[in-house]
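Participant: Submitted below is the structure of interest, expressed as structure tokens.
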Protein chains: 2
Amino acid sequence: MNDDRVHMTLDAVRAYARATLARVGLAPAHVAAVAETIVAGERDGCGAHGLYRLLVAAHSVACGVVVPDAVPVLLEPRAGGVVRVDGRGGFAQLAFDTGRDALVDAARANGIAALAITNVVHFAALWPEVEALVDRGLVALAVTANHAWVAPAGGTRPVFGTNPIAFGWPRAGGVPFVFDFATSAVARGEIELHRRAGTPVPADWGHAPDGGDTTDPAEVLAGAMRTFGGHKGSALALMVELLAGPLLGDLTSAESIAWDAGRKGSPLGGELIVALDPAGFLGAGAAEQMARAESVFAAIEGQGARVPGARRHALRPVSESDGVWVSRALLDDIDRTTGGTA
Amino acid sequence: MNDDRVHMTLDAVRAYARATLARVGLAPAHVAAVAETIVAGERDGCGAHGLYRLLVAAHSVACGVVVPDAVPVLLEPRAGGVVRVDGRGGFAQLAFDTGRDALVDAARANGIAALAITNVVHFAALWPEVEALVDRGLVALAVTANHAWVAPAGGTRPVFGTNPIAFGWPRAGGVPFVFDFATSAVARGEIELHRRAGTPVPADWGHAPDGGDTTDPAEVLAGAMRTFGGHKGSALALMVELLAGPLLGDLTSAESIAWDAGRKGSPLGGELIVALDPAGFLGAGAAEQMARAESVFAAIEGQGARVPGARRHALRPVSESDGVWVSRALLDDIDRTTGGTA
């Protein structure tokens with residue numbers, strides 16, 4: 001028995017997340033949608049996207065960056081392959097749920113379709129959304145911009161958000177291949193952890209506010225993060241910025257952080273999700289052709305390398321049967337911040 | 001006057017490329033299509049994708065990996081948003097030209113569409129194809145697999161091709177934003193140059209055949225290249241592998257190099273191009289919204305950083321008015337190899 005940690009079933013995680021989100025003033029439909037992403041984070045061993053996010057969500061409600069009772073609207077299509085949802089300033093999850101079935105239908109009808117979500121607040125990973133499409137047999141790609149924190153390669157001042165890319169592929173065996181990563185060198189939370197711990201960060205994580213090199217996490221947070229992978233990662237960050245911003249008629253990362261005006265809330269903006277239906281490409285032979293991908297996965301795993309996302313999926317059944325362990329200090333912090341009692 | 005270099009107008013480059021390609025036995029429609037990508041390479045200062053590629057094309061014809069008179073076929077669509085072209089074993093350029101207008105039409109009708117090109121031999125960059133779509137006002141993304149030369153992160157044996165990603169965005173000022181890069185740490189040709197020069201390569205470019213670290217370019221060529229950007233680049237290489245292989249019902253990179261059977265020809269496989277029509281997302285306000293991207297480009301260039309692809313586009317008008325300088329040794333090599341006279 002470890003007093004620092006509390007054992008919770010996933011149902012208990014769900015109930016706790018729902019109670020907390022309701023208490024901070026989120027409308028019931030948002031409570032349900034956001035709670036599911038928090039359960040998914042704890043279930044898959046992604047603590048940074050689990051119950052911890054209740055603190056982030058609560059702050060965004062308290063500081064007014066999110067509309068807690070926004071009702072997302074499925075907009076009139078401008079083209080048969082583009083489903084558009086206006087999130088009306090609420091959290092992204094409910095907006096995605098609002099457009100999901102229409103996206104699935106459009107992808108099955110056209111072979112490829114896009115879901116353009118605008119005017120939503122982002123504070124969670126993209127992989128739950130990608131996985132919801134993969135579960136329906138689709139290949140999916142999702143991108144979103146956020147707050148301008150990341151400098152382009154060759155520069156030192158922020159232009160991009162951490163601009164994640166998520167991708168999902170339905171695998172023959174049932175467990176999908178899903179990745180989701182920031183195009184920044186590391187997640188912003190990693191730098192924050194170093195700042196709290198008083199430890200230096202590697203020199204290739206960011207720039208000081210004056211543009212100089214630094215290993216001081218506080219300087220990187222005040223200055224700029226770097227992209228992963230040099231100029232190639234920077235090119236991808238720019239691609240994401242354009243696809244999730246101007247192409248959707250929504251905010252760039254610079255505009256999002258300007259709109260935040262120092263409130264330190266979660267970013268406001270758009271999200272682009274592209275879904276591809278294997279049947280539209282492969283017809284009746286789709287399942288057989290898609291299963292040929294297994295030789296690629298086998299070649300990776302056969303040499304002891306890891307298929308991205310595999311750890312999350314391996315943990316999942318364990319969490320479902322055995323529950324998860326959660327930091328007591330975190331729960332205390334959430335309760336203190338949101339006025340609850342654990 | 002430098003005797004090592006020959007001055008050529010772009011028309012002269014085109015005529016030389018066409019004559020060479022015809023001489024090695026390529027059918028007229030392929031001659032015209034392939035020559036244009038070679039002109040584009042010289043014009044944009046990408047020597048590796050210019051006249052040098054005539055040697056590569058000639059070898060692929062000579063060793064029998066490409067069908068020199070293949071007639072690509074526009075296949076019956078399985079879905080309104082997916083245009084399918086069977087390249088019948090010929091070079092990719094003519095297959096792309098065969099599907100291009102149908103892709104543009106499908107993207108304008110649906111807002112988003114895909115071109116699935118299968119059964120083609122690749123030996124050139126993807127950016128000319130992306131740019132052809134951007135010139136028609138579309139946003140475009142293209143991927144292709146090739147020969148298994150690249151190890152996954154955490155492994156040391158080849159699974160992926162150099163699996164490039166190309167992206168294009170139409171800019172308000174007329175000069176588009178287009179990038180095109182391999183998901184390998186470097187282009188394979190870079191390693192080949194080091195081998196010829198007898199110079200070591202950085203330790204993070206590849207692995208020796210026994211899986212060990214190496215700075216010997218010959219060992220990397222015989223062993224495996226690495227992806228760019230660690231596990232994130234590796235995840236992207238895998239995404240490309242799946243999208244351009246099994247999703248199209250075409251070869252994986254491992255299957256392509258097995259099919260090559262030591263002939264050292266260009267890779268055979270598929271290519272996926274996704275085109276997005278801004279009007280399908282933004283309606284009547286598309287031009288105004290797309291122009292908002294200019295603030296992102298300005299934020300990059302305003303701090304002295306480079307927008308990817310900008311160098312190519314800056315060189316272009318210079319090459320068009322002044323012509324280009326080409327290595328005399330290269331032309332001699334091409335003539336010697338293909339039986340021509342400079």
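Every chain in the structure tokens takes a letter, A first, then B, and so on in the order presented; its residues are numbered from 1, and the ligands are numbered from 1 following the presented order.
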Residues of chain B no more than 6 Å from chain A, counting only C-alpha atoms: send them over as a list in words.
Facilitator: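 Every residue meeting the condition is included here: Arg78, Ala79, Gly80, Gly81, Val82, Asn110, Gly111, Ile112, Gly154, Gly155, Gly229, Pro246, Gly249, Gly280, Gln289, Met290, Arg292, Ala293, Gln303 and Ala305 of chain B.
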Participant: Counting only C-alpha atoms, what is within 12 Å of Glu190 of chain B, bar same-chain residues fewer than 6 positions away, as a PyMOL selection string?
Facilitator: chain B and resi 48+182+184+196-197+199-202+205+217-218+220-221+225
Participant: Any chance you can output those residues with N, CA, C and O atoms as a PDB file, in the first residue's frame?
Facilitator:
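Wrote part-v7.pdb, looks like this:
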ATOM      1  N   ALA B  48      20.234  17.668 -58.133  1.00  0.00           N
ATOM      2  CA  ALA B  48      19.990  16.246 -57.917  1.00  0.00           C
ATOM      3  C   ALA B  48      18.711  15.788 -58.606  1.00  0.00           C
ATOM      4  O   ALA B  48      18.512  14.585 -58.819  1.00  0.00           O
ATOM      5  N   ALA B 182      12.401  14.064 -47.674  1.00  0.00           N
ATOM      6  CA  ALA B 182      12.421  12.659 -47.285  1.00  0.00           C
ATOM      7  C   ALA B 182      12.223  12.562 -45.784  1.00  0.00           C
ATOM      8  O   ALA B 182      12.660  13.440 -45.030  1.00  0.00           O
ATOM      9  N   SER B 184      13.667  10.194 -44.277  1.00  0.00           N
ATOM     10  CA  SER B 184      14.986   9.722 -43.836  1.00  0.00           C
ATOM     11  C   SER B 184      15.811  10.923 -43.371  1.00  0.00           C
ATOM     12  O   SER B 184      15.490  12.070 -43.699  1.00  0.00           O
ATOM     13  N   ARG B 196      31.686   8.472 -52.456  1.00  0.00           N
ATOM     14  CA  ARG B 196      32.568   8.780 -53.584  1.00  0.00           C
ATOM     15  C   ARG B 196      33.741   9.648 -53.150  1.00  0.00           C
ATOM     16  O   ARG B 196      34.854   9.506 -53.650  1.00  0.00           O
ATOM     17  N   ALA B 197      33.464  10.577 -52.209  1.00  0.00           N
ATOM     18  CA  ALA B 197      34.511  11.509 -51.764  1.00  0.00           C
ATOM     19  C   ALA B 197      35.408  10.881 -50.705  1.00  0.00           C
ATOM     20  O   ALA B 197      36.441  11.463 -50.351  1.00  0.00           O
ATOM     21  N   THR B 199      34.668  10.538 -47.559  1.00  0.00           N
ATOM     22  CA  THR B 199      34.529  11.279 -46.294  1.00  0.00           C
ATOM     23  C   THR B 199      33.505  10.596 -45.399  1.00  0.00           C
ATOM     24  O   THR B 199      32.537   9.997 -45.896  1.00  0.00           O
ATOM     25  N   PRO B 200      33.713  10.662 -44.065  1.00  0.00           N
ATOM     26  CA  PRO B 200      32.760  10.016 -43.154  1.00  0.00           C
ATOM     27  C   PRO B 200      31.421  10.767 -43.107  1.00  0.00           C
ATOM     28  O   PRO B 200      31.349  11.947 -43.441  1.00  0.00           O
ATOM     29  N   VAL B 201      30.400  10.065 -42.690  1.00  0.00           N
ATOM     30  CA  VAL B 201      29.084  10.690 -42.493  1.00  0.00           C
ATOM     31  C   VAL B 201      28.830  10.830 -40.991  1.00  0.00           C
ATOM     32  O   VAL B 201      29.412  10.091 -40.192  1.00  0.00           O
ATOM     33  N   PRO B 202      27.972  11.768 -40.589  1.00  0.00           N
ATOM     34  CA  PRO B 202      27.623  11.884 -39.162  1.00  0.00           C
ATOM     35  C   PRO B 202      27.051  10.567 -38.634  1.00  0.00           C
ATOM     36  O   PRO B 202      26.404   9.819 -39.375  1.00  0.00           O
ATOM     37  N   TRP B 205      23.292   9.326 -39.184  1.00  0.00           N
ATOM     38  CA  TRP B 205      22.708   9.118 -40.515  1.00  0.00           C
ATOM     39  C   TRP B 205      22.288   7.666 -40.734  1.00  0.00           C
ATOM     40  O   TRP B 205      21.417   7.406 -41.546  1.00  0.00           O
ATOM     41  N   PRO B 217      30.204   5.758 -44.974  1.00  0.00           N
ATOM     42  CA  PRO B 217      29.034   5.833 -45.869  1.00  0.00           C
ATOM     43  C   PRO B 217      28.724   4.507 -46.564  1.00  0.00           C
ATOM     44  O   PRO B 217      27.549   4.187 -46.771  1.00  0.00           O
ATOM     45  N   ALA B 218      29.765   3.742 -46.898  1.00  0.00           N
ATOM     46  CA  ALA B 218      29.521   2.450 -47.571  1.00  0.00           C
ATOM     47  C   ALA B 218      28.766   1.496 -46.642  1.00  0.00           C
ATOM     48  O   ALA B 218      27.905   0.732 -47.086  1.00  0.00           O
ATOM     49  N   VAL B 220      26.680   2.439 -44.260  1.00  0.00           N
ATOM     50  CA  VAL B 220      25.289   2.910 -44.163  1.00  0.00           C
ATOM     51  C   VAL B 220      24.499   2.479 -45.394  1.00  0.00           C
ATOM     52  O   VAL B 220      23.357   2.010 -45.282  1.00  0.00           O
ATOM     53  N   LEU B 221      25.129   2.590 -46.568  1.00  0.00           N
ATOM     54  CA  LEU B 221      24.438   2.199 -47.809  1.00  0.00           C
ATOM     55  C   LEU B 221      24.131   0.697 -47.805  1.00  0.00           C
ATOM     56  O   LEU B 221      23.091   0.266 -48.297  1.00  0.00           O
ATOM     57  N   MET B 225      19.711   3.410 -43.402  1.00  0.00           N
ATOM     58  CA  MET B 225      19.649   4.828 -43.070  1.00  0.00           C
ATOM     59  C   MET B 225      18.748   4.998 -41.850  1.00  0.00           C
ATOM     60  O   MET B 225      17.987   4.102 -41.501  1.00  0.00           O
TER      61      MET B 225
END
Participant: Enumerate as a ChimeraX atom specification all residues of segment 106-257 of chain A assigned to alpha helix (DSSP H) by DSSP on the backbone, naming them with the chain letters and numbers the document uses.
Facilitator: /A:106-110,127-134,188-197,217-222,230-244,253-257
Participant: Just the strand (DSSP E) stuff from segment 210-271 of chain A, please, per backbone DSSP, written as a short mmCIF file (atom, residue, chain, number, x, y, z; two decimals) with C-alpha atoms, in the first residue's frame.
Facilitator:
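For reference, result.cif as written:
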data_model
loop_
_atom_site.label_atom_id
_atom_site.label_comp_id
_atom_site.auth_asym_id
_atom_site.auth_seq_id
_atom_site.Cartn_x
_atom_site.Cartn_y
_atom_site.Cartn_z
CA ALA A 224 10.50 30.06 -27.66
CA MET A 225 10.46 26.29 -28.02
CA LEU A 268 -8.85 28.73 -29.29
CA GLY A 269 -8.93 27.76 -32.95
CA GLY A 270 -9.67 25.09 -35.51
CA GLU A 271 -9.02 21.44 -36.10
#
Participant: From the set A:Asp135, A:Leu54, A:Ala70, A:Pro267, which residue has the shortest atom-to-atom contact distance to Val121 of chain A, counting only C-alpha atoms?
Facilitator: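 Under the stated criterion, the closest residue is A:Pro267.
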Participant: Env of Arg88 of chain A: 8 Å cut, atoms = only C-alpha atoms, seq-sep filter 6 positions within chain, self excluded. Answer as a ChimeraX atom specification.
Facilitator: /A:67,70-73,118-120
Participant: Keeping only N, CA, C and O atoms, write the selected residues as an mmCIF file, in the first residue's frame.
Facilitator:
data_model
loop_
_atom_site.group_PDB
_atom_site.id
_atom_site.type_symbol
_atom_site.label_atom_id
_atom_site.label_comp_id
_atom_site.auth_asym_id
_atom_site.auth_seq_id
_atom_site.Cartn_x
_atom_site.Cartn_y
_atom_site.Cartn_z
ATOM 1 N N VAL A 67 -16.393 28.801 -23.599
ATOM 2 C CA VAL A 67 -17.831 28.974 -23.363
ATOM 3 C C VAL A 67 -18.343 27.653 -22.783
ATOM 4 O O VAL A 67 -18.399 26.650 -23.496
ATOM 5 N N ALA A 70 -21.486 26.018 -24.565
ATOM 6 C CA ALA A 70 -21.574 26.184 -26.025
ATOM 7 C C ALA A 70 -22.288 24.993 -26.654
ATOM 8 O O ALA A 70 -22.055 23.850 -26.263
ATOM 9 N N VAL A 71 -23.136 25.269 -27.617
ATOM 10 C CA VAL A 71 -23.811 24.207 -28.358
ATOM 11 C C VAL A 71 -23.245 24.196 -29.782
ATOM 12 O O VAL A 71 -23.563 25.070 -30.581
ATOM 13 N N PRO A 72 -22.388 23.222 -30.087
ATOM 14 C CA PRO A 72 -21.784 23.180 -31.430
ATOM 15 C C PRO A 72 -22.851 23.014 -32.503
ATOM 16 O O PRO A 72 -23.873 22.361 -32.273
ATOM 17 N N VAL A 73 -22.582 23.600 -33.662
ATOM 18 C CA VAL A 73 -23.552 23.576 -34.747
ATOM 19 C C VAL A 73 -22.942 22.935 -35.983
ATOM 20 O O VAL A 73 -21.851 23.318 -36.412
ATOM 21 N N THR A 118 -14.272 24.466 -36.208
ATOM 22 C CA THR A 118 -13.773 25.815 -35.936
ATOM 23 C C THR A 118 -14.294 26.309 -34.602
ATOM 24 O O THR A 118 -15.278 25.785 -34.061
ATOM 25 N N ASN A 119 -13.561 27.312 -34.080
ATOM 26 C CA ASN A 119 -14.031 28.034 -32.902
ATOM 27 C C ASN A 119 -14.192 27.109 -31.685
ATOM 28 O O ASN A 119 -15.228 27.112 -31.023
ATOM 29 N N VAL A 120 -13.152 26.327 -31.442
ATOM 30 C CA VAL A 120 -13.154 25.435 -30.279
ATOM 31 C C VAL A 120 -11.900 25.659 -29.434
ATOM 32 O O VAL A 120 -10.872 26.113 -29.931
#
Participant: Quick one: residues within 10 Å of Asp4 of chain B, only C-alpha atoms, excluding same-chain residues fewer than 6 positions away - as a list of chain:residue names?
Facilitator: B:Trp325, B:Val326, B:Ser327, B:Arg328, B:Ala329, B:Leu330
Participant: How many Å lie between atom CA of Val39 of chain B and atom CA of Val13 of chain B, rounded to one decimal?
Facilitator: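 A separation of 6.2 Å between them.
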Participant: Expressed in Å to a single decimal, how great is the separation between atom CA of Pro317 of chain B and atom CA of Gly189 of chain B?
Facilitator: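 If I compute the distance from atom CA of Pro317 of chain B to atom CA of Gly189 of chain B, I get 26.8 Å.
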Participant: Pick out the residues sitting within 8 Å of segment 122-124 of chain A, and hand them over as a PyMOL selection string; count only C-alpha atoms, and ignore anything fewer than 3 positions along from it in its own chain.
Facilitator: chain A and resi 37+49+53+56-57+91-92+146+266-269
Participant: Compare B:Thr338, B:Thr214, B:Asn163, B:Thr9 by their minimum atom-to-atom distance to Leu55 of chain B, counting only C-alpha atoms, and give me the closest one.
Facilitator: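 Under the stated criterion, the closest residue is B:Thr338.
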Participant: Report, in Å to a single decimal, how far apart atom CA of Gly50 of chain B and atom CA of Thr20 of chain B are.
Facilitator: 13.1 Å
